[in-house]
Structure formats: structure tokens, C-alpha cells
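*Asks:* Take a look at the following structure, please.
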Amino acid sequence: MGELLGTTVELQVTNVAHGGVSVARLDGRVVFVADSLPGETVLARISSDDHQSFWRAETVEVLEESPHRRLHVWKAAALDRDPDRRAGGAEFGHIDLPWQRELKRQVLVDSLQRFARLENHPALEVQVEAVEGDDAANGLGWRTRVSLHVDDDGFVGPYAARSHRVVTVDALPLATQAVEYASPLDERLLGTDRVDVVSDGRRGARVVVGSAPAGKPIVERVGEREFRLDELGFWQVHHGAARTLTEAVQQQVLPELFDPSAANLDLYGGVGLLAAALIDRFTPDVRIESVESDASATANAEFNLRDAANASAATARVDRYLGQLQRDASTAERQALARASVIIDPPRAGAGKLVVASLIDLHPAQVVYVACDPVAFSRDLAQFSAGGYELRSLRAFDLFPHTHHVEAIGVLTPR
Ligand SMILES: C[S@@+](CC[C@H](N)C(=O)[O-])C[C@H]1O[C@@H](n2cnc3c(N)ncnc32)[C@H](O)[C@@H]1O
């Protein structure tokens, strides 16, 4: 180990892997290659050879190029920059947009087959759908929030790919115009290590340096509804994502299983976006509780759902909240939970074993799972399946063009 680090090798790239890299083999060993495409032959520099089962490499030259290769949409992340100085966050920016979605589809389907053990299942026919307007914009200008970093000399920029090294850039093509314009890319900031630039929910953007006290809340609009959130509180990143997810949840939730008086839940609820989707899909009388660990987001959820008399918001970790329900719920409440529709929208790590086990035990009528990581999602699906649930529908969305991320929504019901 260590002897090949930094050397350049020729690799035949065969297929895409999870995480924005592709797979090649060197003397039988798997090498994950950045900035390449399946079907290509590349010269790549070994950047990590200390792992038993795989190594990592960064493309420095393409010898045989895929027909899907394009000039990178971000000069700062292109091949002609040294791999150590290539900006991170746009790892599919060298691929044409429809092919990016095809690669995301392959990763999702592969995860469903390997980790959720789906075979001959209609969900394997899933396509990755574009957000309205993205094709016309070539997948640019969608990021409503960016986190930039500041190095010891005060230079501001994103981290280089797969590192914590700040690189300077002169543009942020994935960001909305307002966010890009407001970003202090050519300033030197001392005394801080982070700058967040966030859409103000209208046409402007706010710059939050370091851990400055939170400014006025931001108001985002989705259809007819307004959502109040903290400046640095969670909100879907793509300007069209909140609407896309709202409409998808409303379309996929099974109306024949929806009971407005059941103990419906919006787990990992943020400021109440998806609870509102159900309220607006069915009736303002829907009983639903949004559960979220960030107290300030919960307060905003309560405010955002104030027109729905039977909606509430609780600050809690989802695992603890469900554990408490398992321990303390009365028989009547257990029955109300068994009739419930439960949305879960966890962070990248997925819901995890404890949460899925609790849900299986509480046995809701349907689970609408909004997933931002296909592997974590598929592992949770496997557990749901072993616990008697089946996947009834699946859609996937390209909410992060030019990155490897893909969002999926699956509906599960007891088999
Ligand atoms: C992917 S976001 C979804 C938010 C919301 N559904 C939306 O679409 O705007 C996940 C949310 O879960 C919260 N969260 C993370 N871990 C949690 C946990 N263990 N328990 C409760 N909430 C958690 C985060 O603060 C974040 O607001």
C-alpha cells in the first residue's frame, strides 16, 4: 500500500457506482474513478490505495471518450484543473443531462436490486424525472443555498472534490443568479471559516458569515402556501424541489388508505412542507403531527400549519418519538396509528433500523418514503419488506442536476 499513490494509470471504465464515481479494474482490484464515464478509457491518478477492497483515482486525461461527455458546465471543476484543485459539488457536470439521469436511474435500480432484493418488480422500471424548466436551463441556476468555506488566508470558495481544501472559483453556475451574485467569491474574509448564501425567498439572497445571529425568517412560497423558515434552517435546495415533492407526494399517496382522522405523521418534517401537502390534498381537518429534531423548525412548522386545526408539530428525534409511542400509546391510539399515513423524509443516512422497526410495529396503513440516498433507502426497504410491507409505487426526480444525487419517493403498504 502507498506505492501507487500519485501515479498515473490507464483504466477502462465499465459502469457507474454510487457516489458520483465510475468503476474500473486494475489487476483485478476495483478502482473508483472520478470525472470519468462508463465506456471511457482514461489516464487517472491514484488518489487512495490504502483500502483493502478498492482504490480511488482521479481522471487526468481521456484517451477514448464517451459520446455522452460534454465540456464541464463549471470551469473550476473541469479536467484541465489539477484534480487537487477541482471544485467539488458538480461531479456529473461533464455528462449530458439526459445521460446523467440515466446513470442515476442505474444507481437507483442497482441499489433496489442489491440491497432491497427487488426482482421483477414494476419499481425497477422507474425513470428519473427532470424538474420543470431544468432542461431549458441545461440544469443550471437551481441552487437556492450554497455553503462556502474560508481558508486560513481568508480566501472564500467551495471545497475541492472529496476534500476539505478550499478552492477559489469565479462562478457558481449551479446557483441561482441571486445566490451567485451575492456570493463573496472575490473577497477575503478573516475570522470565520464559513459563509452561507441563501435565497431570501423572493428575488434576492442573504449572506450569512460564520455563526452570525440568525436574521429575519425567510418566507418561501409553494403554490398558494407560504412557509416560514430560519435563514439557515432546512429547505429543499432546488428552487423547484418543494413544489415537485409536494405534487409527487399528493399524486402517490393512496387515497383509499388515507384516513384524515387517523394519527397521521410527517416524520423528519422540517417546517411542515409535506404535512401541508397532505392537508392540501385531502382536507384542512386532517389530523397530522410533524416530528422534527430542530426546535426552531418545529416552531415554524406550527406557524406554517396554523390554518389546519388538527395539525401539530413536535420537537423530537424520530427514533425516540416512535419509541415513546410504542411504549405509551393507548389501545385507541394504537388503532389510530394503524390507520395512519406516515411520511418519512430522513437525511442521507436513511431512517435506519430502529425507526423502521418501530414503524413496522406500529403498522401504519401506508408509508410515503421520500429518500435522498438510494442505498440507505433500499436498506430500509429491505427491512420494511421483511416486516411485511411491500413497495406499491416509486418515482424518482433529478433534484440536483450535475451532481450524483437523486431523490426517490416510494409508497409502502402492508402486504
Ligand atoms: C431531508 S429534511 C426533510 C424536511 C422536510 N420534510 C422538507 O421536505 O422540507 C430532513 C429533516 O429531518 C431533520 N432531522 C434529522 N435527523 C432527525 C432525527 N433523528 N429526528 C428528527 N428530525 C431529524 C432535519 O433537521 C431536517 O429538517
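The way I read the labels, and the way they are meant: chains A, B, ... in the order of the C-alpha cells, residue 1 as the first residue of every chain, and ligand 1 as the first ligand shown, with later ones counted on from there.
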Need to verify the contact set: Val42 of chain A, 7 Å, only C-alpha atoms, exclusion of same-chain residues closer than 6 positions in sequence. Can you return it as a PDB file with C-alpha atoms, in the first residue's frame?
*Replies:*
ATOM      1  CA  GLU A  10      -4.616   3.679 -17.774  1.00  0.00           C
ATOM      2  CA  LEU A  11      -8.103   2.460 -16.869  1.00  0.00           C
ATOM      3  CA  GLN A  12     -11.101   1.095 -18.782  1.00  0.00           C
ATOM      4  CA  THR A  59      -9.117  11.314 -14.267  1.00  0.00           C
ATOM      5  CA  GLU A  61      -6.846  12.719 -19.437  1.00  0.00           C
ATOM      6  CA  VAL A  62      -9.485  10.973 -21.521  1.00  0.00           C
ATOM      7  CA  LEU A  63      -7.999   8.627 -24.141  1.00  0.00           C
ATOM      8  CA  GLU A  64     -11.283   7.290 -25.524  1.00  0.00           C
TER       9      GLU A  64
END
*Asks:* Please check which protein, DNA or RNA residues sit within 10 Å of ligand 1, counting only C-alpha atoms and all ligand atoms, and write them as a ChimeraX atom specification.
*Replies:* /A:227,229,233-237,241-243,245-246,266-275,290-298,301,314-321,343-352,355,370-372
*Asks:* Would you return as a list in words the members of segment 222-285 of chain A that DSSP assigns to strand (DSSP E) on this structure's backbone?
*Replies:*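 Restricting segment 222-285 of chain A to strand (DSSP E) produces Val222, Arg225, Glu226, Phe227, Arg228, Leu229, Asn264, Leu265, Asp266 and Leu267 of chain A.
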*Asks:* Which of these, A:Arg70, A:Arg415, A:Arg101, A:Arg85, has the shortest distance to Ala130 of chain A once you count only C-alpha atoms?
*Replies:*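 Among the listed residues, the smallest separation from Ala130 of chain A belongs to A:Arg101.
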*Asks:* Which residues of segment 96-162 of chain A sit at most 8 Å from segment 385-406 of chain A, using only C-alpha atoms? Give each one's shortest atom pair and distance in Å (one decimal place), in chain and ascending residue order, as a tab-separated table.
*Replies:*
residue	atom	partner	partner_atom	distance
A:Leu97	CA	A:His402	CA	7.4
A:Gln100	CA	A:His402	CA	7.3
A:Arg101	CA	A:Asp398	CA	6.8
A:Lys104	CA	A:Val406	CA	6.4
A:Ala123	CA	A:Leu394	CA	5.6
A:Val126	CA	A:Arg395	CA	6.2
A:Gln127	CA	A:Ala396	CA	6.4
A:Val128	CA	A:Ala396	CA	4.8
A:Glu129	CA	A:Phe397	CA	4.6
A:Ala130	CA	A:Asp398	CA	5.2
A:Val131	CA	A:Asp398	CA	6.5
A:Gly139	CA	A:Pro401	CA	5.3
A:Leu140	CA	A:Pro401	CA	7.4
*Asks:* To one decimal place, how far is atom CA of Arg86 of chain A from atom CA of His72 of chain A in Å?
*Replies:* 11.2 Å
*Asks:* For Asp49 of chain A, which of A:Asp380, A:Asp153, A:Glu407, A:Glu3 is the closest residue, counting only C-alpha atoms?
*Replies:*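 The answer is A:Glu3, which sits nearest to Asp49 of chain A.
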*Asks:* When DSSP is applied to the backbone of this structure, which of segment 167-411 of chain A are assigned helix (DSSP H, G or I)? Write them out as a VMD selection string.
*Replies:* chain A and resid 177 to 182 241 to 252 255 to 257 273 to 281 295 to 304 318 to 328 331 to 338 352 to 362 374 to 386
*Asks:* Check the smallest atom-to-atom distance from each of A:Thr7, A:Asp96, A:Trp55, A:Thr41 to Arg29 of chain A using only C-alpha atoms, then report the winner.
*Replies:* A:Trp55
*Asks:* Identify, on the basis of only C-alpha atoms, every residue whose closest approach to segment 217-221 of chain A does not exceed 9 Å; exclude the query and any residue fewer than 6 positions from it along the same chain; express the result as a list in words.
*Replies:*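 Once the nearby chain positions are removed, what remains is Ser199, Asp200, Gly201, Arg202, Phe227, Arg228, Leu229, Asp230, Glu231 and Trp235 of chain A.
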*Asks:* Hey, can you spit out that residue selection with N, CA and C atoms as a JSON list (two decimals), in the first residue's frame?
*Replies:*
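Once written, again.json looks like this:
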[["chain", "number", "residue", "atom", "x", "y", "z"],
["A", 199, "SER", "N", -31.06, 32.00, -0.68],
["A", 199, "SER", "CA", -32.12, 32.77, -1.33],
["A", 199, "SER", "C", -33.03, 33.37, -0.25],
["A", 200, "ASP", "N", -33.47, 34.58, -0.46],
["A", 200, "ASP", "CA", -34.35, 35.20, 0.55],
["A", 200, "ASP", "C", -35.82, 34.88, 0.30],
["A", 201, "GLY", "N", -36.07, 33.93, -0.63],
["A", 201, "GLY", "CA", -37.45, 33.51, -0.89],
["A", 201, "GLY", "C", -38.13, 34.42, -1.91],
["A", 202, "ARG", "N", -37.47, 35.53, -2.25],
["A", 202, "ARG", "CA", -38.02, 36.40, -3.31],
["A", 202, "ARG", "C", -36.99, 36.46, -4.43],
["A", 227, "PHE", "N", -44.36, 29.33, 3.51],
["A", 227, "PHE", "CA", -43.67, 28.60, 4.57],
["A", 227, "PHE", "C", -42.62, 29.52, 5.17],
["A", 228, "ARG", "N", -42.68, 29.68, 6.48],
["A", 228, "ARG", "CA", -41.67, 30.47, 7.18],
["A", 228, "ARG", "C", -40.55, 29.53, 7.63],
["A", 229, "LEU", "N", -39.32, 29.95, 7.45],
["A", 229, "LEU", "CA", -38.19, 29.13, 7.90],
["A", 229, "LEU", "C", -37.05, 30.03, 8.35],
["A", 230, "ASP", "N", -36.15, 29.45, 9.15],
["A", 230, "ASP", "CA", -34.98, 30.21, 9.59],
["A", 230, "ASP", "C", -34.00, 30.35, 8.43],
["A", 231, "GLU", "N", -33.23, 31.43, 8.50],
["A", 231, "GLU", "CA", -32.25, 31.70, 7.44],
["A", 231, "GLU", "C", -31.42, 30.46, 7.07],
["A", 235, "TRP", "N", -34.35, 23.75, 4.03],
["A", 235, "TRP", "CA", -35.35, 23.92, 2.98],
["A", 235, "TRP", "C", -34.80, 23.22, 1.75]]
*Asks:* What does the distance from atom CA of Thr176 of chain A to atom CA of Arg203 of chain A come to in Å, to one decimal?
*Replies:*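 Distance reported for this atom pair: 9.6 Å.
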*Asks:* From the options A:Leu354, A:Val33, A:Leu362, A:Ala78, which residue's atoms come nearest to Gln383 of chain A, counting only C-alpha atoms?
*Replies:*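 Of A:Leu354, A:Val33, A:Leu362, A:Ala78, the one nearest Gln383 of chain A, counting only C-alpha atoms, is A:Leu354.
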*Asks:* Please measure the separation of atom CA of Leu254 of chain A and atom CA of Ala336 of chain A, giving the value in Å to one decimal.
*Replies:*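 Spanning atom CA of Leu254 of chain A to atom CA of Ala336 of chain A is a straight-line distance of 17.1 Å.
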*Asks:* Just checking: using only C-alpha atoms, which residue out of A:Val169, A:Val9, A:Val21, A:Ile288 ends up closest to Trp74 of chain A?
*Replies:* A:Val169
*Asks:* Contacts of Ser358 of chain A at 8 Å or less, counting only C-alpha atoms, minus same-chain residues fewer than 5 places along, as a PyMOL selection string?
*Replies:* chain A and resi 319+322-323+326
*Asks:* Within 8 Å of Val207 of chain A, counting only C-alpha atoms, which residues show up once you throw out same-chain ones fewer than 2 positions away? Write them as a list of chain:residue names, please.
*Replies:*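 Contacts, with the query itself left out: A:Ala182, A:Ser183, A:Val195, A:Asp196, A:Val197, A:Val198, A:Ala205, A:Val209.
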